[in-house]
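Working notes, beginning with the structure itself.
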Amino acid sequence: MIAADHPVAPSPLSDGPGNGEGKPPESRRQVFRRRFITATIIVLLIGIPAGYLLISAGQSRRSGKDKEAAAAAVGLRDGWPSKMQRRIFEIPIPGNAVGVQHYETNNWKASRMYVKFRTTSGGLDRFLTGIGTGRAALEPGAVNINARDINVTGWYFSPNENWASTTHRNEKPRPTQTITVNMTDPASPVVYVVSAATP
């Protein structure tokens, strides 16, 4: 038998078809499909967490507004704020204060403490000094508590009364106190305070 009569089997190491090597180049359609799938996966990996964060932030804001609205329905409460509240909002109510009322609101933008009380002339001086200001800072004839805070508290500032106001600002995160005083009876002034703390 001569060599020509024996078929030669292809070597397993040869580059024959079907051994997995030498893939034909991808068509344009295959390239487009592969890139589209890759882009879709990237968008999903980034977009889903980002969307979740946006939804959570929106829910948090709505929740804060809902809590504030619920608190507003309660209104001012008779009695002194707790020592912790007075310390956080830096409202040194004088010991001889009477008719003390308070109310706290919190939302994602700011926390506010509303306080009203009647004191003596000396008590007003102690209060203002404790905050870090003084009687000289009071602007006669001014009411500086804004319409939003008036709406929350239901306070009414009659134009027939003798008012004086000041705003004591601190660097964040310390609160800023907006103070209006009814000086119609100088011996028995009524103090209105809005102390706002922002993160």
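Letters A, B, ... mark the chains of the structure tokens in the order given; residue numbers begin at 1 per chain; ligand numbers begin at 1, in order shown.
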Next on the checklist: Taking the DSSP secondary structure from the backbone, can you list the residues of segment 16-193 of chain A that are helix (DSSP H, G or I), as a VMD selection string?
Outcome noted: chain A and resid 28 to 74 83 to 88 121 to 131 135 to 137 147 to 153
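Among the candidates A:Gly51, A:Gly122, A:Gly75, A:Pro24, the one nearest to Asn96 of chain A when counting only C-alpha atoms is A:Gly122.
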Checklist entry - Pick the closest to Phe127 of chain A from A:Ser111, A:Thr153, A:Gln177, A:Ser158: which is it, counting only C-alpha atoms? => result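 Comparing A:Ser111, A:Thr153, A:Gln177, A:Ser158 against Phe127 of chain A, the winner is A:Gln177.
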Next on the checklist: Need to verify the contact set: Ala97 of chain A, 8 Å, only C-alpha atoms, exclusion of same-chain residues closer than 5 positions in sequence. Can you return it as JSON, numbers by chain?
Outcome noted: {"A": [117, 118, 119, 120, 123]}
Checklist entry - Using only C-alpha atoms, which of A:Ile179, A:Leu44, A:Ala110, A:Ile150 sits nearest Leu76 of chain A? => result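 The answer is A:Ile150, which sits nearest to Leu76 of chain A.
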Next on the checklist: Between atom CA of Asn106 of chain A and atom CA of Tyr192 of chain A, what distance in Å does the model show, to one decimal?
Outcome noted: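 Atom CA of Tyr192 of chain A lies at a distance of 18.8 Å from atom CA of Asn106 of chain A.
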Next on the checklist: Here is a test: counting only C-alpha atoms, which residue of A:Glu171, A:Asp185, A:Asp125, A:Asp149 is nearest to Pro94 of chain A?
Outcome noted: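 Checking each of A:Glu171, A:Asp185, A:Asp125, A:Asp149 against Pro94 of chain A, counting only C-alpha atoms, the winner is A:Asp125.
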Checklist entry - If you measure from atom CA of Ile91 of chain A to atom CA of Ser195 of chain A, what distance in Å do you get, rounded to one decimal? => result 7.6 Å
Item to check | Gap from atom CA of Ser165 of chain A to atom CA of Thr178 of chain A - Å, one decimal | outcome: 7.8 Å
Excluding Glu161 of chain A and residues on its chain fewer than 4 positions from it, collect all residues at most 8 Å away from it, counting only C-alpha atoms, and give them as an mmCIF file with N, CA, C and O atoms, in the first residue's frame.
```cif
data_model
loop_
_atom_site.group_PDB
_atom_site.id
_atom_site.type_symbol
_atom_site.label_atom_id
_atom_site.label_comp_id
_atom_site.auth_asym_id
_atom_site.auth_seq_id
_atom_site.Cartn_x
_atom_site.Cartn_y
_atom_site.Cartn_z
ATOM 1 N N PHE A 157 -49.929 90.944 65.939
ATOM 2 C CA PHE A 157 -49.178 92.127 66.351
ATOM 3 C C PHE A 157 -49.982 93.374 65.970
ATOM 4 O O PHE A 157 -49.913 93.858 64.846
ATOM 5 N N ASN A 182 -43.343 93.390 72.972
ATOM 6 C CA ASN A 182 -44.428 94.343 73.182
ATOM 7 C C ASN A 182 -44.044 95.199 74.382
ATOM 8 O O ASN A 182 -44.078 94.738 75.523
ATOM 9 N N MET A 183 -43.712 96.479 74.106
ATOM 10 C CA MET A 183 -43.239 97.392 75.141
ATOM 11 C C MET A 183 -44.329 98.364 75.579
ATOM 12 O O MET A 183 -44.036 99.414 76.166
ATOM 13 N N THR A 184 -45.588 98.032 75.288
ATOM 14 C CA THR A 184 -46.683 98.934 75.659
ATOM 15 C C THR A 184 -46.673 99.204 77.159
ATOM 16 O O THR A 184 -46.899 100.340 77.596
#
```
Item to check | Residue with smallest distance to Val115 of chain A - pool A:Val190, A:Leu53, A:Ala147, A:Ile41, counting only C-alpha atoms | outcome: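 Of the candidates, the smallest distance to Val115 of chain A is held by A:Val190.
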